[in-house]
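Pasted below: query.pdb, PDB, C-alpha atoms, pLDDT in the B column.
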ATOM      1  CA  LEU A  11    -234.406 131.011-145.829  1.00 94.00           C
ATOM      2  CA  ILE A  12    -234.271 133.314-142.828  1.00 96.00           C
ATOM      3  CA  VAL A  13    -237.687 132.220-141.604  1.00 97.00           C
ATOM      4  CA  PHE A  14    -236.675 128.583-142.057  1.00 98.00           C
ATOM      5  CA  ALA A  15    -233.485 129.228-140.055  1.00 98.00           C
ATOM      6  CA  LEU A  16    -235.506 130.901-137.287  1.00 98.00           C
ATOM      7  CA  ILE A  17    -237.916 127.960-137.166  1.00 97.00           C
ATOM      8  CA  LEU A  18    -234.962 125.572-137.031  1.00 97.00           C
ATOM      9  CA  LEU A  19    -233.429 127.606-134.194  1.00 97.00           C
ATOM     10  CA  LYS A  20    -236.688 127.415-132.228  1.00 96.00           C
ATOM     11  CA  LEU A  21    -236.859 123.692-132.889  1.00 96.00           C
ATOM     12  CA  VAL A  22    -233.271 123.100-131.744  1.00 95.00           C
ATOM     13  CA  ILE A  23    -233.680 124.999-128.489  1.00 95.00           C
ATOM     14  CA  SER A  24    -237.132 123.540-127.754  1.00 94.00           C
ATOM     15  CA  ILE A  25    -236.860 119.825-128.443  1.00 93.00           C
ATOM     16  CA  PRO A  26    -234.590 119.043-125.455  1.00 92.00           C
ATOM     17  CA  PHE A  27    -237.122 120.678-123.136  1.00 91.00           C
ATOM     18  CA  LEU A  28    -240.160 118.741-124.340  1.00 90.00           C
ATOM     19  CA  THR A  29    -239.304 115.881-121.989  1.00 89.00           C
ATOM     20  CA  PHE A  30    -237.091 117.778-119.532  1.00 88.00           C
ATOM     21  CA  GLN A  31    -239.901 118.235-117.003  1.00 86.00           C
ATOM     22  CA  PRO A  32    -242.383 115.521-116.091  1.00 88.00           C
ATOM     23  CA  ILE A  33    -246.024 115.993-117.010  1.00 90.00           C
ATOM     24  CA  ASP A  34    -247.340 118.238-114.241  1.00 87.00           C
ATOM     25  CA  LEU A  35    -249.656 121.035-113.154  1.00 84.00           C
ATOM     26  CA  ASP A  36    -252.656 121.202-115.531  1.00 88.00           C
ATOM     27  CA  GLU A  37    -251.175 118.995-118.227  1.00 90.00           C
ATOM     28  CA  PRO A  38    -252.512 115.695-116.810  1.00 92.00           C
ATOM     29  CA  PHE A  39    -256.024 117.155-116.899  1.00 89.00           C
ATOM     30  CA  SER A  40    -255.690 118.014-120.599  1.00 91.00           C
ATOM     31  CA  ILE A  41    -254.066 114.723-121.534  1.00 93.00           C
ATOM     32  CA  TYR A  42    -256.580 112.628-119.589  1.00 92.00           C
ATOM     33  CA  HIS A  43    -259.692 114.291-120.968  1.00 90.00           C
ATOM     34  CA  ALA A  44    -258.346 114.479-124.523  1.00 92.00           C
ATOM     35  CA  GLN A  45    -258.092 110.663-124.503  1.00 93.00           C
ATOM     36  CA  LYS A  46    -261.828 110.299-124.013  1.00 91.00           C
ATOM     37  CA  SER A  47    -264.322 109.897-126.832  1.00 91.00           C
ATOM     38  CA  LEU A  48    -265.530 113.046-128.563  1.00 91.00           C
ATOM     39  CA  PRO A  49    -269.073 112.793-127.121  1.00 90.00           C
ATOM     40  CA  HIS A  50    -267.590 112.490-123.624  1.00 87.00           C
ATOM     41  CA  LEU A  51    -265.207 115.329-124.330  1.00 85.00           C
ATOM     42  CA  ILE A  52    -268.037 117.567-125.532  1.00 84.00           C
ATOM     43  CA  SER A  53    -270.190 116.630-122.536  1.00 85.00           C
ATOM     44  CA  ILE A  54    -267.605 117.760-119.979  1.00 82.00           C
ATOM     45  CA  PHE A  55    -267.653 121.260-121.417  1.00 82.00           C
ATOM     46  CA  LYS A  56    -271.203 121.733-120.190  1.00 81.00           C
ATOM     47  CA  THR A  57    -269.766 122.148-116.693  1.00 82.00           C
ATOM     48  CA  GLU A  58    -266.054 122.672-117.379  1.00 77.00           C
ATOM     49  CA  ASN A  59    -264.405 126.079-117.121  1.00 79.00           C
ATOM     50  CA  ASN A  60    -262.029 125.470-120.052  1.00 82.00           C
ATOM     51  CA  PRO A  61    -263.041 125.963-123.687  1.00 88.00           C
ATOM     52  CA  PRO A  62    -262.932 122.870-125.916  1.00 89.00           C
ATOM     53  CA  LEU A  63    -260.765 123.727-128.955  1.00 92.00           C
ATOM     54  CA  HIS A  64    -257.383 122.687-127.573  1.00 93.00           C
ATOM     55  CA  PHE A  65    -258.844 119.547-125.997  1.00 93.00           C
ATOM     56  CA  ILE A  66    -260.366 118.513-129.315  1.00 94.00           C
ATOM     57  CA  LEU A  67    -257.133 119.171-131.211  1.00 96.00           C
ATOM     58  CA  LEU A  68    -255.176 117.300-128.542  1.00 96.00           C
ATOM     59  CA  HIS A  69    -257.681 114.420-128.783  1.00 96.00           C
ATOM     60  CA  PHE A  70    -256.846 113.881-132.464  1.00 97.00           C
ATOM     61  CA  TRP A  71    -253.131 114.511-131.862  1.00 97.00           C
ATOM     62  CA  GLU A  72    -253.082 111.807-129.185  1.00 96.00           C
ATOM     63  CA  GLN A  73    -254.841 109.423-131.546  1.00 95.00           C
ATOM     64  CA  LEU A  74    -251.981 109.892-134.013  1.00 96.00           C
ATOM     65  CA  PHE A  75    -248.946 110.186-131.745  1.00 96.00           C
ATOM     66  CA  GLY A  76    -249.791 108.808-128.302  1.00 95.00           C
ATOM     67  CA  ILE A  77    -249.803 110.306-124.829  1.00 95.00           C
ATOM     68  CA  GLY A  78    -246.134 110.533-123.913  1.00 94.00           C
ATOM     69  CA  ALA A  79    -244.653 113.878-122.901  1.00 94.00           C
ATOM     70  CA  LEU A  80    -242.863 114.277-126.231  1.00 95.00           C
ATOM     71  CA  SER A  81    -246.036 113.439-128.143  1.00 95.00           C
ATOM     72  CA  VAL A  82    -248.514 115.697-126.383  1.00 96.00           C
ATOM     73  CA  ARG A  83    -246.122 118.622-126.009  1.00 96.00           C
ATOM     74  CA  SER A  84    -245.135 118.478-129.665  1.00 96.00           C
ATOM     75  CA  LEU A  85    -248.571 119.880-130.578  1.00 97.00           C
ATOM     76  CA  SER A  86    -247.746 122.987-128.572  1.00 96.00           C
ATOM     77  CA  LEU A  87    -244.325 123.146-130.204  1.00 97.00           C
ATOM     78  CA  LEU A  88    -245.993 122.957-133.611  1.00 97.00           C
ATOM     79  CA  PHE A  89    -248.114 126.030-132.837  1.00 97.00           C
ATOM     80  CA  SER A  90    -245.018 127.847-131.572  1.00 97.00           C
ATOM     81  CA  LEU A  91    -243.193 127.029-134.791  1.00 97.00           C
ATOM     82  CA  LEU A  92    -246.162 128.197-136.878  1.00 97.00           C
ATOM     83  CA  THR A  93    -246.176 131.499-134.993  1.00 97.00           C
ATOM     84  CA  ILE A  94    -242.713 132.438-136.238  1.00 98.00           C
ATOM     85  CA  PRO A  95    -243.674 132.976-139.916  1.00 98.00           C
ATOM     86  CA  ILE A  96    -246.706 134.988-138.813  1.00 98.00           C
ATOM     87  CA  LEU A  97    -244.581 137.269-136.627  1.00 98.00           C
ATOM     88  CA  TRP A  98    -242.062 137.576-139.460  1.00 98.00           C
ATOM     89  CA  LYS A  99    -244.805 138.565-141.898  1.00 97.00           C
ATOM     90  CA  ILE A 100    -246.200 141.153-139.475  1.00 96.00           C
ATOM     91  CA  ALA A 101    -242.840 142.826-138.935  1.00 97.00           C
ATOM     92  CA  ILE A 102    -241.539 142.582-142.495  1.00 96.00           C
ATOM     93  CA  GLN A 103    -244.773 143.882-143.998  1.00 93.00           C
ATOM     94  CA  PHE A 104    -245.599 146.605-141.514  1.00 92.00           C
ATOM     95  CA  ILE A 105    -242.220 147.647-140.104  1.00 92.00           C
ATOM     96  CA  ASN A 106    -238.897 146.491-141.626  1.00 95.00           C
ATOM     97  CA  PHE A 107    -236.367 143.681-141.968  1.00 97.00           C
ATOM     98  CA  LYS A 108    -234.469 144.433-138.742  1.00 97.00           C
ATOM     99  CA  ALA A 109    -237.710 144.525-136.787  1.00 97.00           C
ATOM    100  CA  ALA A 110    -238.696 141.146-138.247  1.00 97.00           C
ATOM    101  CA  ILE A 111    -235.427 139.575-137.105  1.00 97.00           C
ATOM    102  CA  LEU A 112    -235.682 141.180-133.662  1.00 97.00           C
ATOM    103  CA  LEU A 113    -239.336 140.240-133.172  1.00 97.00           C
ATOM    104  CA  CYS A 114    -238.739 136.607-134.085  1.00 97.00           C
ATOM    105  CA  LEU A 115    -235.637 136.348-131.896  1.00 97.00           C
ATOM    106  CA  LEU A 116    -237.469 137.905-128.937  1.00 97.00           C
ATOM    107  CA  PHE A 117    -240.258 135.371-129.433  1.00 97.00           C
ATOM    108  CA  ILE A 118    -237.871 132.427-129.801  1.00 97.00           C
ATOM    109  CA  PHE A 119    -235.888 133.339-126.686  1.00 96.00           C
ATOM    110  CA  SER A 120    -238.846 134.446-124.567  1.00 95.00           C
ATOM    111  CA  ASP A 121    -238.618 132.603-121.243  1.00 91.00           C
ATOM    112  CA  TYR A 122    -242.334 132.971-120.701  1.00 89.00           C
ATOM    113  CA  HIS A 123    -243.263 131.444-124.027  1.00 89.00           C
ATOM    114  CA  HIS A 124    -240.538 128.822-123.776  1.00 88.00           C
ATOM    115  CA  TYR A 125    -241.980 127.612-120.475  1.00 87.00           C
ATOM    116  CA  HIS A 126    -245.704 127.898-121.182  1.00 87.00           C
ATOM    117  CA  GLY A 127    -245.527 127.376-124.932  1.00 87.00           C
ATOM    118  CA  LEU A 128    -244.170 123.861-124.499  1.00 92.00           C
ATOM    119  CA  GLU A 129    -246.828 122.672-122.066  1.00 93.00           C
ATOM    120  CA  ALA A 130    -249.578 120.359-123.264  1.00 92.00           C
ATOM    121  CA  ARG A 131    -251.987 123.214-122.715  1.00 93.00           C
ATOM    122  CA  THR A 132    -253.648 125.869-124.824  1.00 92.00           C
ATOM    123  CA  TYR A 133    -251.097 128.677-124.518  1.00 93.00           C
ATOM    124  CA  SER A 134    -249.101 128.235-127.732  1.00 95.00           C
ATOM    125  CA  LEU A 135    -252.342 127.871-129.689  1.00 96.00           C
ATOM    126  CA  LEU A 136    -253.550 131.102-128.099  1.00 94.00           C
ATOM    127  CA  VAL A 137    -250.350 132.958-129.076  1.00 94.00           C
ATOM    128  CA  PHE A 138    -250.579 131.585-132.625  1.00 97.00           C
ATOM    129  CA  GLU A 139    -254.193 132.715-132.993  1.00 96.00           C
ATOM    130  CA  TYR A 140    -253.426 136.146-131.530  1.00 94.00           C
ATOM    131  CA  SER A 141    -250.527 136.569-133.937  1.00 96.00           C
ATOM    132  CA  LEU A 142    -252.853 135.836-136.843  1.00 97.00           C
ATOM    133  CA  LEU A 143    -255.461 138.210-135.395  1.00 95.00           C
ATOM    134  CA  LEU A 144    -252.877 140.961-135.069  1.00 94.00           C
ATOM    135  CA  TYR A 145    -251.810 140.438-138.675  1.00 96.00           C
ATOM    136  CA  PHE A 146    -255.356 140.763-140.003  1.00 95.00           C
ATOM    137  CA  LEU A 147    -256.159 143.736-137.768  1.00 93.00           C
ATOM    138  CA  MET A 148    -253.092 145.497-139.112  1.00 93.00           C
ATOM    139  CA  LYS A 149    -254.162 144.644-142.666  1.00 92.00           C
ATOM    140  CA  ILE A 150    -257.527 146.275-141.948  1.00 91.00           C
ATOM    141  CA  LEU A 151    -256.019 149.366-140.354  1.00 89.00           C
ATOM    142  CA  LEU A 152    -253.254 149.936-142.874  1.00 86.00           C
ATOM    143  CA  SER A 153    -254.866 148.728-146.075  1.00 80.00           C
ATOM    144  CA  THR A 154    -256.140 151.235-148.560  1.00 76.00           C
ATOM    145  CA  SER A 155    -257.798 148.717-150.818  1.00 74.00           C
ATOM    146  CA  ASN A 156    -261.470 147.860-151.078  1.00 76.00           C
ATOM    147  CA  THR A 157    -260.732 144.207-150.236  1.00 76.00           C
ATOM    148  CA  LYS A 158    -260.946 144.713-146.484  1.00 84.00           C
ATOM    149  CA  SER A 159    -264.039 142.497-146.216  1.00 84.00           C
ATOM    150  CA  LYS A 160    -261.974 139.304-146.393  1.00 87.00           C
ATOM    151  CA  TYR A 161    -259.861 140.615-143.496  1.00 91.00           C
ATOM    152  CA  TYR A 162    -262.986 141.323-141.451  1.00 91.00           C
ATOM    153  CA  ILE A 163    -264.134 137.754-142.064  1.00 92.00           C
ATOM    154  CA  MET A 164    -260.774 136.430-140.862  1.00 94.00           C
ATOM    155  CA  VAL A 165    -260.913 138.640-137.756  1.00 93.00           C
ATOM    156  CA  GLY A 166    -264.389 137.291-136.972  1.00 92.00           C
ATOM    157  CA  PHE A 167    -263.269 133.703-137.541  1.00 94.00           C
ATOM    158  CA  LEU A 168    -260.179 134.145-135.361  1.00 94.00           C
ATOM    159  CA  ASN A 169    -262.244 135.720-132.594  1.00 91.00           C
ATOM    160  CA  ALA A 170    -264.485 132.649-132.627  1.00 91.00           C
ATOM    161  CA  LEU A 171    -261.436 130.379-132.476  1.00 93.00           C
ATOM    162  CA  LEU A 172    -260.014 132.446-129.630  1.00 93.00           C
ATOM    163  CA  PHE A 173    -263.288 132.172-127.717  1.00 90.00           C
ATOM    164  CA  TYR A 174    -263.100 128.390-127.994  1.00 90.00           C
ATOM    165  CA  THR A 175    -259.398 128.409-127.068  1.00 91.00           C
ATOM    166  CA  HIS A 176    -259.386 130.443-123.853  1.00 88.00           C
ATOM    167  CA  TYR A 177    -262.090 132.497-122.160  1.00 80.00           C
ATOM    168  CA  ILE A 178    -259.662 135.227-121.172  1.00 77.00           C
ATOM    169  CA  PHE A 179    -259.126 136.193-124.822  1.00 72.00           C
ATOM    170  CA  PRO A 180    -261.207 139.422-124.805  1.00 73.00           C
ATOM    171  CA  PHE A 181    -258.984 140.869-122.078  1.00 66.00           C
ATOM    172  CA  ILE A 182    -255.645 140.214-123.776  1.00 62.00           C
ATOM    173  CA  LEU A 183    -255.916 142.672-126.656  1.00 56.00           C
TER     174      LEU A 183
END
Output the structure of this file as structure tokens.
Amino acid sequence: LIVFALILLKLVISIPFLTFQPIDLDEPFSIYHAQKSLPHLISIFKTENNPPLHFILLHFWEQLFGIGALSVRSLSLLFSLLTIPILWKIAIQFINFKAAILLCLLFIFSDYHHYHGLEARTYSLLVFEYSLLLYFLMKILLSTSNTKSKYYIMVGFLNALLFYTHYIFPFIL
């Protein structure tokens, strides 16, 4: 119930801002290229300096919901909302209840994430993937069981996803 309430809080404070600003900065680039066919989209990454994962996800999202500001930014909002249960699980499992509440509230009210996490760009996907990576790294470091191999597989998979999300990923950790 608490996680649901936190997700609802994030939703309530985010929805009005999805269309508050016009599409600007790098968003038109993402929206334009994501509308193209998949072969065209894949071909631009031979010379493009952005990795393809977010563009491909946005391509399918646009097919379903259109290219309006609310539509394309809602994908980023979705990843922000999905990050909350991951952060909760990290804090509740590895620290305590108060830390889980504090961590989620700091994330929800982060100006930086509120601004960049609602753009039709890769940033909220990147934060979501890093949250998952952090969870599995902590499972590896703090687990005493012999089932660590599944966590190593997830870490490898997430690193591949991160590589195809943003090329700066190795420098963030």
In Å, rounded to a single decimal, give me how far CA of Lys46 (chain A) is from CA of Ile77 (chain A).
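It comes out at 12.1 Å.
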As a list in words, please: the residues near Leu113 (chain A) (cut-off 10 Å, only C-alpha atoms, same-chain neighbours under 3 positions excluded).
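That gives Ile94, Leu97, Trp98, Ile100, Ala101, Ile102, Phe107, Lys108, Ala109, Ala110, Leu116, Phe117 and Ile118 of chain A.
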Between A:Asp36, A:Gly78, A:Glu72, A:Ile163, which is the closest to Thr132 (chain A) once you count all atoms listed in the file?
A:Asp36
From A:Leu85, A:Pro61, A:Asn169, A:Pro95, residue lying nearest Leu115 (chain A) [only C-alpha atoms]:
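When distances to Leu115 (chain A) are compared using only C-alpha atoms, the smallest one comes from A:Pro95.
Considering the residues A:Tyr161, A:Phe55, A:Tyr42, A:Phe65 and counting only C-alpha atoms, Ser86 (chain A) has its shortest atom-to-atom contact with A:Phe65.
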Could you check which of A:Ile66, A:Ile111, A:Val13, A:Leu21 is closest to Arg131 (chain A), using all atoms listed in the file?
A:Ile66
Out of A:Ser120, A:Thr93, A:Thr175, A:Ser159, which residue has the shortest atom-to-atom distance to Tyr145 (chain A) when counting all atoms listed in the file?
A:Thr93
Which residue gives the smallest distance to Pro26 (chain A) among A:Ile41, A:Ala79, A:Leu68, A:Leu151, with all atoms listed in the file counted?
A:Ala79
Incomplete region 96-117 of chain A brought to N, CA, C and O atoms, written out as a PDB file, in the frame of the given file:
ATOM      1  N   ILE A  96    -245.686 133.943-138.958  1.00 98.00           N
ATOM      2  CA  ILE A  96    -246.706 134.988-138.813  1.00 98.00           C
ATOM      3  C   ILE A  96    -246.066 136.262-138.249  1.00 98.00           C
ATOM      4  O   ILE A  96    -246.299 137.366-138.761  1.00 98.00           O
ATOM      5  N   LEU A  97    -245.260 136.104-137.205  1.00 98.00           N
ATOM      6  CA  LEU A  97    -244.581 137.269-136.627  1.00 98.00           C
ATOM      7  C   LEU A  97    -243.638 137.910-137.646  1.00 98.00           C
ATOM      8  O   LEU A  97    -243.540 139.136-137.734  1.00 98.00           O
ATOM      9  N   TRP A  98    -242.952 137.067-138.406  1.00 98.00           N
ATOM     10  CA  TRP A  98    -242.062 137.576-139.460  1.00 98.00           C
ATOM     11  C   TRP A  98    -242.857 138.416-140.462  1.00 98.00           C
ATOM     12  O   TRP A  98    -242.452 139.514-140.823  1.00 98.00           O
ATOM     13  N   LYS A  99    -243.985 137.878-140.894  1.00 97.00           N
ATOM     14  CA  LYS A  99    -244.805 138.565-141.898  1.00 97.00           C
ATOM     15  C   LYS A  99    -245.333 139.895-141.353  1.00 97.00           C
ATOM     16  O   LYS A  99    -245.360 140.895-142.075  1.00 97.00           O
ATOM     17  N   ILE A 100    -245.723 139.907-140.086  1.00 96.00           N
ATOM     18  CA  ILE A 100    -246.200 141.153-139.475  1.00 96.00           C
ATOM     19  C   ILE A 100    -245.096 142.206-139.511  1.00 96.00           C
ATOM     20  O   ILE A 100    -245.305 143.331-139.969  1.00 96.00           O
ATOM     21  N   ALA A 101    -243.925 141.844-139.033  1.00 97.00           N
ATOM     22  CA  ALA A 101    -242.840 142.826-138.935  1.00 97.00           C
ATOM     23  C   ALA A 101    -242.291 143.225-140.298  1.00 97.00           C
ATOM     24  O   ALA A 101    -242.028 144.399-140.542  1.00 97.00           O
ATOM     25  N   ILE A 102    -242.120 142.268-141.186  1.00 96.00           N
ATOM     26  CA  ILE A 102    -241.539 142.582-142.495  1.00 96.00           C
ATOM     27  C   ILE A 102    -242.499 143.426-143.328  1.00 96.00           C
ATOM     28  O   ILE A 102    -242.091 144.317-144.056  1.00 96.00           O
ATOM     29  N   GLN A 103    -243.793 143.164-143.192  1.00 93.00           N
ATOM     30  CA  GLN A 103    -244.773 143.882-143.998  1.00 93.00           C
ATOM     31  C   GLN A 103    -245.114 145.251-143.433  1.00 93.00           C
ATOM     32  O   GLN A 103    -245.348 146.191-144.169  1.00 93.00           O
ATOM     33  N   PHE A 104    -245.135 145.363-142.114  1.00 92.00           N
ATOM     34  CA  PHE A 104    -245.599 146.605-141.514  1.00 92.00           C
ATOM     35  C   PHE A 104    -244.494 147.448-140.876  1.00 92.00           C
ATOM     36  O   PHE A 104    -244.733 148.600-140.537  1.00 92.00           O
ATOM     37  N   ILE A 105    -243.308 146.859-140.705  1.00 92.00           N
ATOM     38  CA  ILE A 105    -242.220 147.647-140.104  1.00 92.00           C
ATOM     39  C   ILE A 105    -241.010 147.569-141.044  1.00 92.00           C
ATOM     40  O   ILE A 105    -240.943 148.294-142.005  1.00 92.00           O
ATOM     41  N   ASN A 106    -240.053 146.654-140.740  1.00 95.00           N
ATOM     42  CA  ASN A 106    -238.897 146.491-141.626  1.00 95.00           C
ATOM     43  C   ASN A 106    -238.173 145.179-141.318  1.00 95.00           C
ATOM     44  O   ASN A 106    -238.554 144.445-140.404  1.00 95.00           O
ATOM     45  N   PHE A 107    -237.120 144.927-142.060  1.00 97.00           N
ATOM     46  CA  PHE A 107    -236.367 143.681-141.968  1.00 97.00           C
ATOM     47  C   PHE A 107    -235.743 143.493-140.582  1.00 97.00           C
ATOM     48  O   PHE A 107    -235.831 142.416-139.988  1.00 97.00           O
ATOM     49  N   LYS A 108    -235.114 144.532-140.062  1.00 97.00           N
ATOM     50  CA  LYS A 108    -234.469 144.433-138.742  1.00 97.00           C
ATOM     51  C   LYS A 108    -235.505 144.138-137.656  1.00 97.00           C
ATOM     52  O   LYS A 108    -235.254 143.357-136.741  1.00 97.00           O
ATOM     53  N   ALA A 109    -236.643 144.764-137.768  1.00 97.00           N
ATOM     54  CA  ALA A 109    -237.710 144.525-136.787  1.00 97.00           C
ATOM     55  C   ALA A 109    -238.198 143.078-136.870  1.00 97.00           C
ATOM     56  O   ALA A 109    -238.520 142.472-135.847  1.00 97.00           O
ATOM     57  N   ALA A 110    -238.259 142.533-138.072  1.00 97.00           N
ATOM     58  CA  ALA A 110    -238.696 141.146-138.247  1.00 97.00           C
ATOM     59  C   ALA A 110    -237.728 140.185-137.561  1.00 97.00           C
ATOM     60  O   ALA A 110    -238.148 139.262-136.853  1.00 97.00           O
ATOM     61  N   ILE A 111    -236.441 140.413-137.756  1.00 97.00           N
ATOM     62  CA  ILE A 111    -235.427 139.575-137.105  1.00 97.00           C
ATOM     63  C   ILE A 111    -235.546 139.707-135.587  1.00 97.00           C
ATOM     64  O   ILE A 111    -235.579 138.706-134.862  1.00 97.00           O
ATOM     65  N   LEU A 112    -235.611 140.935-135.106  1.00 97.00           N
ATOM     66  CA  LEU A 112    -235.682 141.180-133.662  1.00 97.00           C
ATOM     67  C   LEU A 112    -236.942 140.570-133.054  1.00 97.00           C
ATOM     68  O   LEU A 112    -236.879 139.908-132.012  1.00 97.00           O
ATOM     69  N   LEU A 113    -238.076 140.778-133.684  1.00 97.00           N
ATOM     70  CA  LEU A 113    -239.336 140.240-133.172  1.00 97.00           C
ATOM     71  C   LEU A 113    -239.276 138.718-133.062  1.00 97.00           C
ATOM     72  O   LEU A 113    -239.646 138.139-132.035  1.00 97.00           O
ATOM     73  N   CYS A 114    -238.810 138.072-134.102  1.00 97.00           N
ATOM     74  CA  CYS A 114    -238.739 136.607-134.085  1.00 97.00           C
ATOM     75  C   CYS A 114    -237.749 136.102-133.043  1.00 97.00           C
ATOM     76  O   CYS A 114    -238.023 135.125-132.344  1.00 97.00           O
ATOM     77  N   LEU A 115    -236.610 136.770-132.909  1.00 97.00           N
ATOM     78  CA  LEU A 115    -235.637 136.348-131.896  1.00 97.00           C
ATOM     79  C   LEU A 115    -236.172 136.568-130.481  1.00 97.00           C
ATOM     80  O   LEU A 115    -235.963 135.726-129.600  1.00 97.00           O
ATOM     81  N   LEU A 116    -236.862 137.677-130.257  1.00 97.00           N
ATOM     82  CA  LEU A 116    -237.469 137.905-128.937  1.00 97.00           C
ATOM     83  C   LEU A 116    -238.500 136.830-128.626  1.00 97.00           C
ATOM     84  O   LEU A 116    -238.591 136.346-127.497  1.00 97.00           O
ATOM     85  N   PHE A 117    -239.271 136.443-129.625  1.00 97.00           N
ATOM     86  CA  PHE A 117    -240.258 135.371-129.433  1.00 97.00           C
ATOM     87  C   PHE A 117    -239.562 134.042-129.151  1.00 97.00           C
ATOM     88  O   PHE A 117    -239.919 133.333-128.217  1.00 97.00           O
TER      89      PHE A 117
END
